[in-house]
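Undergrad: My structure is in coords08.cif, and what it holds is mmCIF, C-alpha atoms:
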data_coords
loop_
_atom_site.label_atom_id
_atom_site.label_comp_id
_atom_site.auth_asym_id
_atom_site.auth_seq_id
_atom_site.Cartn_x
_atom_site.Cartn_y
_atom_site.Cartn_z
CA MET A 1 60.22 136.35 112.53
CA THR A 2 61.72 134.08 109.88
CA PRO A 3 60.01 131.45 107.71
CA ALA A 4 61.03 128.88 110.32
CA MET A 5 58.93 130.73 112.90
CA GLU A 6 55.62 130.59 111.08
CA PRO A 7 52.61 131.35 113.33
CA THR A 8 50.88 128.25 114.61
CA ASN A 9 47.47 129.92 114.34
CA LEU A 10 47.30 132.00 111.16
CA ASP A 11 43.82 133.37 111.85
CA ALA A 12 44.86 134.66 115.28
CA TYR A 13 48.10 136.09 113.88
CA MET A 14 46.30 138.01 111.10
CA ALA A 15 43.60 139.20 113.51
CA ASN A 16 46.26 140.61 115.83
CA LEU A 17 47.99 142.27 112.89
CA GLY A 18 44.70 143.86 111.82
CA ALA A 19 43.79 145.05 115.31
CA ALA A 20 47.20 146.67 115.73
CA ALA A 21 46.87 148.38 112.33
CA ARG A 22 43.41 149.71 113.17
CA ALA A 23 44.67 151.19 116.45
CA ALA A 24 47.68 152.71 114.70
CA ALA A 25 45.47 154.20 111.98
CA THR A 26 43.59 156.22 114.59
CA ARG A 27 46.83 157.74 115.82
CA MET A 28 48.18 158.31 112.31
CA ALA A 29 45.03 160.18 111.28
CA ALA A 30 45.68 162.64 114.11
CA ALA A 31 49.46 162.87 113.55
CA SER A 32 50.95 166.24 112.72
CA THR A 33 52.61 166.92 109.41
CA ALA A 34 55.84 167.61 111.29
CA ALA A 35 55.82 164.16 112.92
CA LYS A 36 55.07 162.37 109.65
CA ASP A 37 57.80 164.26 107.82
CA ALA A 38 60.24 163.55 110.67
CA ALA A 39 59.52 159.83 110.30
CA LEU A 40 60.18 159.99 106.56
CA ARG A 41 63.45 161.86 106.99
CA ALA A 42 64.50 159.43 109.73
CA LEU A 43 63.71 156.54 107.39
CA ALA A 44 65.82 158.07 104.64
CA ARG A 45 68.73 158.48 107.05
CA ARG A 46 68.39 154.93 108.39
CA LEU A 47 68.31 153.46 104.90
CA ARG A 48 71.54 155.23 103.98
CA GLU A 49 73.18 154.18 107.24
CA SER A 50 72.10 150.56 106.78
CA VAL A 51 73.25 149.95 103.20
CA PRO A 52 75.70 147.12 104.10
CA ALA A 53 73.16 145.38 106.33
CA LEU A 54 70.37 145.71 103.77
CA VAL A 55 72.55 144.40 100.96
CA ALA A 56 73.54 141.46 103.18
CA ALA A 57 69.89 140.73 104.01
CA ASN A 58 69.08 140.78 100.31
CA GLU A 59 71.77 138.26 99.33
CA PRO A 60 69.91 135.10 100.50
CA ASP A 61 66.86 136.12 98.49
CA VAL A 62 68.95 136.64 95.36
CA ARG A 63 70.86 133.37 95.82
CA ALA A 64 67.63 131.44 96.35
CA ALA A 65 66.08 132.99 93.24
CA GLU A 66 69.10 132.07 91.16
CA ALA A 67 69.11 128.53 92.55
CA ALA A 68 65.41 128.20 91.72
CA GLY A 69 66.15 129.10 88.12
CA LEU A 70 64.28 132.41 88.01
CA ALA A 71 64.82 134.35 84.80
CA ALA A 72 67.56 136.97 84.93
CA PRO A 73 65.13 139.95 84.71
CA LEU A 74 63.18 138.59 87.70
CA VAL A 75 66.38 138.14 89.68
CA ASP A 76 67.39 141.71 88.86
CA ARG A 77 64.05 142.98 90.23
CA LEU A 78 64.88 141.32 93.56
CA LYS A 79 68.22 143.05 94.04
CA LEU A 80 68.79 145.73 96.66
CA THR A 81 71.90 147.53 95.46
CA PRO A 82 73.40 150.63 97.10
CA LYS A 83 72.04 152.64 94.15
CA ILE A 84 68.50 151.32 94.62
CA ILE A 85 68.64 152.00 98.37
CA ALA A 86 69.86 155.55 97.70
CA THR A 87 66.97 156.06 95.27
CA VAL A 88 64.28 154.93 97.71
CA ALA A 89 65.86 157.03 100.48
CA GLU A 90 65.67 160.07 98.21
CA GLY A 91 62.05 159.17 97.48
CA CYS A 92 61.26 159.33 101.20
CA GLU A 93 62.71 162.83 101.38
CA GLN A 94 60.77 163.91 98.30
CA ILE A 95 57.50 162.75 99.88
CA ALA A 96 58.41 164.55 103.12
CA ALA A 97 58.81 167.76 101.10
CA MET A 98 55.39 167.43 99.47
CA PRO A 99 52.30 169.21 100.84
CA ASP A 100 50.30 167.18 103.34
CA PRO A 101 46.86 166.49 101.85
CA VAL A 102 45.29 165.47 105.16
CA GLY A 103 43.00 168.02 106.79
CA GLU A 104 42.64 170.25 103.73
CA ILE A 105 39.13 171.77 103.54
CA THR A 106 37.86 172.70 100.09
CA ASN A 107 34.68 173.68 98.22
CA VAL A 108 33.26 175.58 101.19
CA LYS A 109 29.92 177.20 100.30
CA ARG A 110 27.60 179.26 102.45
CA ARG A 111 24.03 177.94 102.37
CA PRO A 112 20.86 180.06 102.73
CA SER A 113 20.39 178.61 106.22
CA GLY A 114 23.65 180.22 107.31
CA ILE A 115 25.74 177.06 107.59
CA ALA A 116 28.94 176.67 105.56
CA VAL A 117 29.37 173.27 103.89
CA GLY A 118 32.67 171.94 102.58
CA GLN A 119 34.79 168.81 102.25
CA MET A 120 37.83 167.72 104.26
CA ARG A 121 40.48 165.33 102.99
CA VAL A 122 41.07 162.43 105.40
CA PRO A 123 43.06 159.15 105.38
CA LEU A 124 41.41 155.95 104.16
CA GLY A 125 42.40 154.19 107.41
CA VAL A 126 44.15 150.85 106.87
CA PHE A 127 45.21 149.55 103.49
CA GLY A 128 46.60 146.14 102.74
CA MET A 129 49.12 145.87 99.93
CA ILE A 130 50.03 142.61 98.23
CA TYR A 131 52.96 142.75 95.86
CA GLU A 132 55.62 140.65 94.16
CA SER A 133 59.36 140.73 93.64
CA ARG A 134 60.62 144.29 94.04
CA PRO A 135 61.58 144.90 97.70
CA ASN A 136 61.81 148.66 97.09
CA VAL A 137 57.98 148.61 96.96
CA THR A 138 58.07 148.03 100.73
CA ILE A 139 59.57 151.50 101.22
CA GLU A 140 57.41 153.17 98.57
CA ALA A 141 54.21 151.84 100.16
CA ALA A 142 55.36 152.62 103.68
CA SER A 143 56.39 156.19 102.87
CA LEU A 144 53.10 156.94 101.13
CA ALA A 145 51.16 155.43 104.05
CA ILE A 146 53.05 157.57 106.55
CA LYS A 147 52.57 160.86 104.68
CA SER A 148 48.88 160.20 103.96
CA GLY A 149 48.18 159.39 107.63
CA ASN A 150 47.22 155.76 107.02
CA ALA A 151 48.31 152.47 108.51
CA CYS A 152 49.23 149.63 106.17
CA ILE A 153 49.74 145.89 106.22
CA LEU A 154 52.26 144.78 103.61
CA ARG A 155 52.52 141.30 102.15
CA GLY A 156 55.48 141.00 99.80
CA GLY A 157 56.43 138.01 97.70
CA SER A 158 58.08 135.04 99.41
CA GLU A 159 61.03 135.41 97.03
CA ALA A 160 61.91 138.74 98.74
CA PHE A 161 61.02 137.75 102.32
CA ALA A 162 64.37 138.51 104.01
CA SER A 163 64.79 141.78 102.11
CA ASN A 164 61.30 143.01 102.94
CA LEU A 165 61.72 142.07 106.60
CA ALA A 166 64.94 144.08 106.89
CA LEU A 167 63.34 147.10 105.23
CA ALA A 168 60.20 146.91 107.39
CA ARG A 169 62.35 146.93 110.52
CA GLN A 170 63.90 150.22 109.37
CA VAL A 171 60.45 151.70 108.76
CA GLN A 172 59.20 150.75 112.21
CA ALA A 173 62.33 152.15 113.86
CA ALA A 174 61.86 155.46 111.99
CA LEU A 175 58.22 155.67 113.07
CA ALA A 176 59.13 155.07 116.71
CA GLU A 177 61.91 157.66 116.48
CA ALA A 178 59.35 160.25 115.34
CA GLY A 179 56.94 159.35 118.16
CA LEU A 180 54.49 157.56 115.86
CA PRO A 181 53.17 153.99 116.30
CA ALA A 182 55.52 151.40 114.83
CA GLU A 183 52.43 149.30 113.98
CA ALA A 184 51.44 151.90 111.37
CA VAL A 185 53.51 149.83 108.93
CA GLN A 186 53.48 146.07 109.43
CA LEU A 187 54.81 143.29 107.26
CA VAL A 188 53.03 139.94 107.15
CA GLU A 189 55.87 137.85 108.53
CA THR A 190 54.85 134.53 107.07
CA THR A 191 55.28 132.97 103.65
CA ASP A 192 52.01 131.02 104.03
CA ARG A 193 49.91 131.87 100.96
CA ALA A 194 46.78 131.53 103.09
CA ALA A 195 47.75 134.83 104.74
CA VAL A 196 46.77 136.64 101.53
CA GLY A 197 43.34 135.04 101.59
CA ARG A 198 42.89 136.13 105.19
CA LEU A 199 44.13 139.69 104.61
CA VAL A 200 41.60 140.36 101.85
CA THR A 201 38.68 139.14 103.98
CA MET A 202 39.19 141.35 107.05
CA PRO A 203 36.77 144.28 106.63
CA GLU A 204 36.86 144.83 110.38
CA SER A 205 40.54 145.77 110.11
CA VAL A 206 41.27 146.66 106.48
CA ASP A 207 39.57 149.41 104.46
CA VAL A 208 41.07 148.79 101.03
CA ILE A 209 43.38 146.28 99.31
CA ILE A 210 45.99 147.27 96.72
CA PRO A 211 47.43 144.37 94.71
CA ARG A 212 50.54 145.08 92.65
CA GLY A 213 51.75 142.25 90.47
CA GLY A 214 50.78 139.94 87.64
CA LYS A 215 47.31 139.47 86.23
CA SER A 216 46.78 136.13 87.99
CA LEU A 217 47.49 137.69 91.40
CA ILE A 218 45.15 140.62 90.80
CA GLU A 219 42.39 138.36 89.48
CA ARG A 220 42.66 136.20 92.60
CA ILE A 221 42.52 139.21 94.92
CA SER A 222 39.54 140.69 93.06
CA ARG A 223 37.70 137.38 93.22
CA GLU A 224 38.29 136.69 96.92
CA ALA A 225 38.30 140.14 98.51
CA ARG A 226 35.56 141.27 100.89
CA VAL A 227 36.91 144.84 100.99
CA PRO A 228 37.31 147.34 98.12
CA VAL A 229 40.24 146.71 95.77
CA ILE A 230 42.25 149.38 93.91
CA LYS A 231 43.48 147.52 90.85
CA HIS A 232 44.25 147.25 87.19
CA LEU A 233 44.35 143.91 85.40
CA ASP A 234 45.83 144.84 82.02
CA GLY A 235 47.68 147.64 80.30
CA ASN A 236 46.50 147.35 76.71
CA CYS A 237 47.38 150.95 75.84
CA HIS A 238 46.60 152.44 72.42
CA VAL A 239 48.19 154.99 70.13
CA TYR A 240 45.79 156.40 67.52
CA VAL A 241 47.27 158.30 64.55
CA ASP A 242 44.53 160.61 63.29
CA ALA A 243 43.77 161.74 59.72
CA GLU A 244 45.38 165.14 60.34
CA VAL A 245 48.77 164.81 62.02
CA ASP A 246 52.39 165.91 61.96
CA LEU A 247 54.00 162.69 60.74
CA ASP A 248 57.36 163.42 62.35
CA LEU A 249 55.62 163.88 65.71
CA ALA A 250 53.54 160.75 65.18
CA VAL A 251 56.54 158.58 64.35
CA ASN A 252 58.60 159.86 67.28
CA VAL A 253 55.82 159.52 69.89
CA THR A 254 54.70 156.09 68.66
CA ASP A 255 58.27 154.80 68.72
CA ASN A 256 58.71 156.03 72.29
CA ALA A 257 55.36 154.68 73.47
CA LYS A 258 56.26 151.19 72.29
CA THR A 259 60.04 150.81 72.45
CA GLN A 260 61.32 153.08 75.24
CA LYS A 261 60.68 150.09 77.50
CA PHE A 262 58.64 147.02 76.66
CA SER A 263 57.65 145.69 80.09
CA PRO A 264 55.75 148.54 81.86
CA CYS A 265 51.97 148.58 81.94
CA ASN A 266 51.95 152.00 80.22
CA ALA A 267 53.83 150.84 77.11
CA ALA A 268 51.75 150.93 73.92
CA GLU A 269 50.43 147.53 72.85
CA SER A 270 48.03 148.56 70.05
CA LEU A 271 48.45 151.01 67.17
CA LEU A 272 45.49 152.40 65.23
CA VAL A 273 46.15 154.43 62.07
CA HIS A 274 43.62 156.44 60.06
CA VAL A 275 43.47 155.26 56.46
CA ASP A 276 44.47 158.71 55.19
CA GLN A 277 47.87 158.45 56.92
CA ALA A 278 48.33 154.68 56.81
CA ALA A 279 50.62 154.37 53.79
CA ALA A 280 53.05 157.13 54.73
CA PHE A 281 53.04 156.49 58.48
CA LEU A 282 53.26 152.69 58.45
CA ARG A 283 56.17 152.73 56.05
CA ARG A 284 58.18 154.85 58.47
CA ILE A 285 57.16 153.28 61.79
CA GLY A 286 57.38 149.78 60.31
CA ALA A 287 61.03 150.27 59.44
CA ILE A 288 61.75 151.50 62.99
CA PHE A 289 59.90 148.63 64.64
CA ALA A 290 61.59 146.06 62.41
CA ALA A 291 65.03 147.46 63.23
CA LYS A 292 64.24 147.21 66.94
CA GLY A 293 62.95 143.63 66.71
CA VAL A 294 59.27 144.45 67.25
CA GLU A 295 56.80 141.94 65.79
CA MET A 296 53.84 143.67 64.11
CA ARG A 297 50.58 141.71 64.28
CA SER A 298 48.57 143.52 61.65
CA CYS A 299 45.14 143.69 60.05
CA PRO A 300 44.95 142.77 56.31
CA ARG A 301 45.27 146.38 55.13
CA ALA A 302 48.27 146.98 57.37
CA VAL A 303 49.87 143.70 56.21
CA ALA A 304 49.55 144.88 52.62
CA LEU A 305 51.06 148.29 53.36
CA LEU A 306 53.93 146.65 55.27
CA ALA A 307 54.54 144.02 52.59
CA ASN A 308 58.26 144.70 52.31
CA VAL A 309 58.86 145.04 56.07
CA PRO A 310 60.12 142.06 58.08
CA ARG A 311 58.46 140.83 61.30
CA VAL A 312 54.92 141.52 60.05
CA VAL A 313 52.33 138.77 60.68
CA PRO A 314 48.53 138.66 60.41
CA ALA A 315 46.68 139.61 63.59
CA THR A 316 44.06 137.42 65.20
CA GLU A 317 40.96 138.62 67.05
CA ALA A 318 42.75 137.91 70.35
CA ASP A 319 45.56 140.32 69.46
CA TRP A 320 43.31 143.39 69.75
CA ALA A 321 42.86 142.81 73.49
CA GLU A 322 46.34 141.51 74.33
CA GLU A 323 48.84 143.06 76.75
CA TYR A 324 52.15 141.77 75.38
CA LEU A 325 54.73 143.35 77.75
CA ALA A 326 57.17 142.38 74.99
CA PRO A 327 58.46 143.59 71.59
CA VAL A 328 55.09 142.89 69.95
CA ILE A 329 52.39 145.35 68.84
CA SER A 330 49.02 145.00 67.13
CA ILE A 331 48.32 147.33 64.19
CA LYS A 332 44.95 148.19 62.63
CA VAL A 333 43.99 150.62 59.89
CA VAL A 334 40.70 152.42 60.64
CA ASP A 335 38.45 154.44 58.34
CA THR A 336 37.18 157.02 60.82
CA PHE A 337 37.83 158.67 64.15
CA ASP A 338 34.65 157.06 65.50
CA GLU A 339 35.91 153.60 64.53
CA ALA A 340 39.15 154.24 66.43
CA VAL A 341 37.34 155.33 69.61
CA ALA A 342 34.93 152.40 69.42
CA HIS A 343 37.85 149.97 68.99
CA ILE A 344 39.69 151.40 72.01
CA ASN A 345 36.62 151.30 74.24
CA ARG A 346 35.85 147.72 73.18
CA TYR A 347 39.30 146.13 73.31
CA GLY A 348 41.27 148.44 75.61
CA SER A 349 41.90 147.93 79.30
CA HIS A 350 40.89 151.50 80.32
CA HIS A 351 44.48 152.24 81.36
CA THR A 352 46.10 154.81 79.01
CA ASP A 353 45.39 155.84 75.42
CA THR A 354 46.71 158.68 73.27
CA ILE A 355 45.69 160.44 70.07
CA LEU A 356 48.27 161.97 67.75
CA THR A 357 46.54 164.72 65.83
CA SER A 358 46.63 168.34 64.65
CA ASN A 359 42.83 168.49 64.67
CA HIS A 360 41.79 170.23 67.90
CA PRO A 361 38.11 169.19 67.85
CA ASN A 362 39.15 165.55 67.43
CA ALA A 363 41.63 165.90 70.29
CA MET A 364 38.90 167.24 72.60
CA ARG A 365 36.46 164.51 71.51
CA PHE A 366 39.11 161.86 72.22
CA LEU A 367 39.62 163.22 75.75
CA ARG A 368 35.87 163.11 76.41
CA GLU A 369 34.92 159.87 74.68
CA VAL A 370 37.74 157.43 75.42
CA ASP A 371 36.86 155.64 78.66
CA SER A 372 40.30 155.27 80.23
CA ALA A 373 42.04 156.36 83.43
CA SER A 374 44.59 158.43 81.47
CA VAL A 375 43.79 159.94 78.06
CA MET A 376 46.44 161.92 76.20
CA VAL A 377 46.91 164.19 73.19
CA ASN A 378 50.21 164.19 71.27
CA ALA A 379 52.16 162.55 74.09
CA SER A 380 53.61 159.10 74.77
CA THR A 381 51.61 156.67 76.90
CA ARG A 382 54.83 156.12 78.88
CA PHE A 383 54.03 159.34 80.77
CA ALA A 384 51.20 157.58 82.66
CA ASP A 385 53.18 157.39 85.89
CA GLY A 386 52.88 158.94 89.33
CA PHE A 387 56.30 160.59 89.21
CA GLU A 388 55.67 162.07 85.75
CA TYR A 389 52.27 163.36 86.90
CA GLY A 390 53.88 165.15 89.84
CA LEU A 391 52.43 162.82 92.46
CA GLY A 392 55.81 161.78 93.85
CA ALA A 393 55.88 158.03 94.39
CA GLU A 394 52.86 156.03 93.29
CA ILE A 395 51.43 153.00 95.00
CA GLY A 396 49.95 151.65 91.78
CA ILE A 397 47.67 152.36 88.84
CA SER A 398 43.90 152.12 89.10
CA THR A 399 41.53 151.46 86.21
CA ASP A 400 38.55 151.46 88.56
CA LYS A 401 36.08 154.33 88.54
CA PHE A 402 35.72 155.18 92.20
CA HIS A 403 37.82 157.85 93.92
CA ALA A 404 41.26 156.57 92.79
CA ARG A 405 41.72 156.39 89.01
CA GLY A 406 45.02 156.38 87.15
CA PRO A 407 48.31 156.68 89.07
CA VAL A 408 47.56 156.50 92.81
CA GLY A 409 49.66 158.82 94.95
CA LEU A 410 49.05 160.59 98.24
CA GLU A 411 45.59 161.92 97.37
CA GLY A 412 44.54 158.48 96.11
CA LEU A 413 45.17 157.17 99.64
CA THR A 414 42.75 159.71 101.10
CA SER A 415 39.02 160.29 100.91
CA MET A 416 36.72 163.25 101.41
CA LYS A 417 34.21 163.76 104.19
CA TRP A 418 31.64 166.51 104.44
CA VAL A 419 32.12 169.14 107.11
CA VAL A 420 29.57 171.70 108.24
CA LEU A 421 30.55 174.96 109.99
CA GLY A 422 27.82 176.74 111.87
CA GLN A 423 27.17 179.43 114.43
CA GLY A 424 24.21 177.93 116.24
CA GLU A 425 21.92 177.49 113.21
CA VAL A 426 18.93 175.13 113.59
CA ARG A 427 16.79 173.67 110.83
CA SER A 428 13.29 175.11 110.59
#
Let's see the structure in the file written out as structure tokens.

TA:
Amino acid sequence: MTPAMEPTNLDAYMANLGAAARAAATRMAAASTAAKDAALRALARRLRESVPALVAANEPDVRAAEAAGLAAPLVDRLKLTPKIIATVAEGCEQIAAMPDPVGEITNVKRRPSGIAVGQMRVPLGVFGMIYESRPNVTIEAASLAIKSGNACILRGGSEAFASNLALARQVQAALAEAGLPAEAVQLVETTDRAAVGRLVTMPESVDVIIPRGGKSLIERISREARVPVIKHLDGNCHVYVDAEVDLDLAVNVTDNAKTQKFSPCNAAESLLVHVDQAAAFLRRIGAIFAAKGVEMRSCPRAVALLANVPRVVPATEADWAEEYLAPVISIKVVDTFDEAVAHINRYGSHHTDTILTSNHPNAMRFLREVDSASVMVNASTRFADGFEYGLGAEIGISTDKFHARGPVGLEGLTSMKWVVLGQGEVRS
């Protein structure tokens, strides 16, 4: 289907999509590991064999984005180059090589009655994913769905419609080749924005929604959805430099957390420094930030300590809660460890926060008391990533508090059910 072949009845189209996904999910839940891995390896092979065709399918999307005046970084995110295709193909093979979480039984305990009670890991069923720009997300989502035994309905951005369609066709061909239902991965083949509203209100067909994009998209999905949503709205990540710390370590980690890349959600946006280290630390990190063009929005004490450093401006109250995704950072001097933790829990987005310290009790308190999906000691926030955590590909980051929290990989796309193993026991 192309945009010129939009469905005449959107409700009927989405209902059919959902019914097909639900039927496919039943078959995927029962699929063998061998079949799922065969589909992933077939997908990797097909992607490599189809590089010229995929690049050609991507060209209209790129040309349209350029004609529409999209910023260069956004156009770059749309591109399907041979290198990007090779990377996603390799990702499929990596997921195929990972252990299959489905069917694993854990925590089995024998009860006084004689029964054994445990938990089995099972697929969620059908997830809907709504995402923007990057067409490689189509393959990442599809490959994770296949390995975790789920079905998925994908709705990519209209700016990548042709690219996503070409990739989805390869996924469905790989599934069929492995003897699995092609409908296990379906793309919403319409650019009608109303399709998103319909997808998030189909509890009869969809078990969970995963939005991946800007804050406005995720806020809309969270507001309208009638099924659970795995989401994060902001990535206001903190670095806290404690009273006792190796200054060389603190400078190096803070620099990396902020400047290794400005745009990811796990880049540091706020810097808290204990008053005992503020003078020495801020002098060093301030010079680094200034040289790299980072604007420092600072509290009065930090402004005074950075008096001779360029690009320092007074912070406003709004700065403490801001996700900049840019060469900007907020800086605050704190008097105590407790003040730092309270600040993070009040202004943070519960994404990722790190303490830089040589005080072990403070490190352990930070891990317990900071209410975030990822909490770190003496490491850069940039490590908050599915690949770095050993999850393989990730489908997103969750700051929610139900089963999926932090980077969401294969296990995040599964749930646990109770299983009971008996030998004819009856309850007295």

Undergrad: Contacts of Met14 of chain A at 12 Å or less, counting only C-alpha atoms, minus same-chain residues fewer than 6 places along, as a list in words?

TA: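 The filter keeps Glu6, Pro7, Thr8, Ala20, Ala21, Gly128, Ile153, Leu154, Arg155, Gln186, Leu187, Val188, Glu189, Thr190, Asp192, Ala194, Ala195, Val196, Gly197, Arg198, Leu199, Val200, Thr201, Met202, Glu204, Ser205 and Val206 of chain A.
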
Undergrad: Evaluating the PyMOL selection byres ((chain A and resi 251) around 9) on the displayed file yields which residues, as a list of chain:residue names?

TA: A:Asp246, A:Leu247, A:Asp248, A:Leu249, A:Ala250, A:Asn252, A:Val253, A:Thr254, A:Asp255, A:Asn256, A:Phe281, A:Leu282, A:Arg284, A:Ile285, A:Ile288

Undergrad: Interatomic distance between atom CA of Pro211 of chain A and atom CA of Met416 of chain A?

TA: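 So the two atoms, atom CA of Pro211 of chain A and atom CA of Met416 of chain A, lie 22.7 Å apart.
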
Undergrad: Since I can't run it myself right now, could you work out what the PyMOL selection byres ((chain A and resi 151) around 12) selects here and report it as a PyMOL selection string?

TA: chain A and resi 17-31+123-129+141-150+152-154+172+175+180-187+205-208+413-414

Undergrad: For this structure, which residues satisfy the selection - the PyMOL selection byres ((chain A and resi 314-322) around 12) - when it is evaluated on the file as given? I want them as a PyMOL selection string.

TA: chain A and resi 233-238+265+268-272+295-304+306-307+311-313+323-326+328-333+343-350

Undergrad: Please produce a file of those selected residues containing C-alpha atoms, as a CSV table (one decimal), keeping the file's coordinate frame.

TA:
chain,number,residue,atom,x,y,z
A,233,LEU,CA,44.4,143.9,85.4
A,234,ASP,CA,45.8,144.8,82.0
A,235,GLY,CA,47.7,147.6,80.3
A,236,ASN,CA,46.5,147.4,76.7
A,237,CYS,CA,47.4,151.0,75.8
A,238,HIS,CA,46.6,152.4,72.4
A,265,CYS,CA,52.0,148.6,81.9
A,268,ALA,CA,51.8,150.9,73.9
A,269,GLU,CA,50.4,147.5,72.8
A,270,SER,CA,48.0,148.6,70.0
A,271,LEU,CA,48.4,151.0,67.2
A,272,LEU,CA,45.5,152.4,65.2
A,295,GLU,CA,56.8,141.9,65.8
A,296,MET,CA,53.8,143.7,64.1
A,297,ARG,CA,50.6,141.7,64.3
A,298,SER,CA,48.6,143.5,61.6
A,299,CYS,CA,45.1,143.7,60.0
A,300,PRO,CA,45.0,142.8,56.3
A,301,ARG,CA,45.3,146.4,55.1
A,302,ALA,CA,48.3,147.0,57.4
A,303,VAL,CA,49.9,143.7,56.2
A,304,ALA,CA,49.6,144.9,52.6
A,306,LEU,CA,53.9,146.6,55.3
A,307,ALA,CA,54.5,144.0,52.6
A,311,ARG,CA,58.5,140.8,61.3
A,312,VAL,CA,54.9,141.5,60.0
A,313,VAL,CA,52.3,138.8,60.7
A,323,GLU,CA,48.8,143.1,76.8
A,324,TYR,CA,52.2,141.8,75.4
A,325,LEU,CA,54.7,143.4,77.8
A,326,ALA,CA,57.2,142.4,75.0
A,328,VAL,CA,55.1,142.9,70.0
A,329,ILE,CA,52.4,145.4,68.8
A,330,SER,CA,49.0,145.0,67.1
A,331,ILE,CA,48.3,147.3,64.2
A,332,LYS,CA,45.0,148.2,62.6
A,333,VAL,CA,44.0,150.6,59.9
A,343,HIS,CA,37.8,150.0,69.0
A,344,ILE,CA,39.7,151.4,72.0
A,345,ASN,CA,36.6,151.3,74.2
A,346,ARG,CA,35.8,147.7,73.2
A,347,TYR,CA,39.3,146.1,73.3
A,348,GLY,CA,41.3,148.4,75.6
A,349,SER,CA,41.9,147.9,79.3
A,350,HIS,CA,40.9,151.5,80.3

Undergrad: Nearest residue to Leu165 of chain A out of A:Asp338, A:Glu66, A:Asp100, A:Asp61, using all atoms listed in the file?

TA: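 The shortest atom-to-atom distance to Leu165 of chain A comes from A:Asp61.
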
Undergrad: Between A:Ser113, A:Thr87, A:Ser263, A:Thr354, which has the minimum distance to Leu74 of chain A (counting all atoms listed in the file)?

TA: A:Ser263
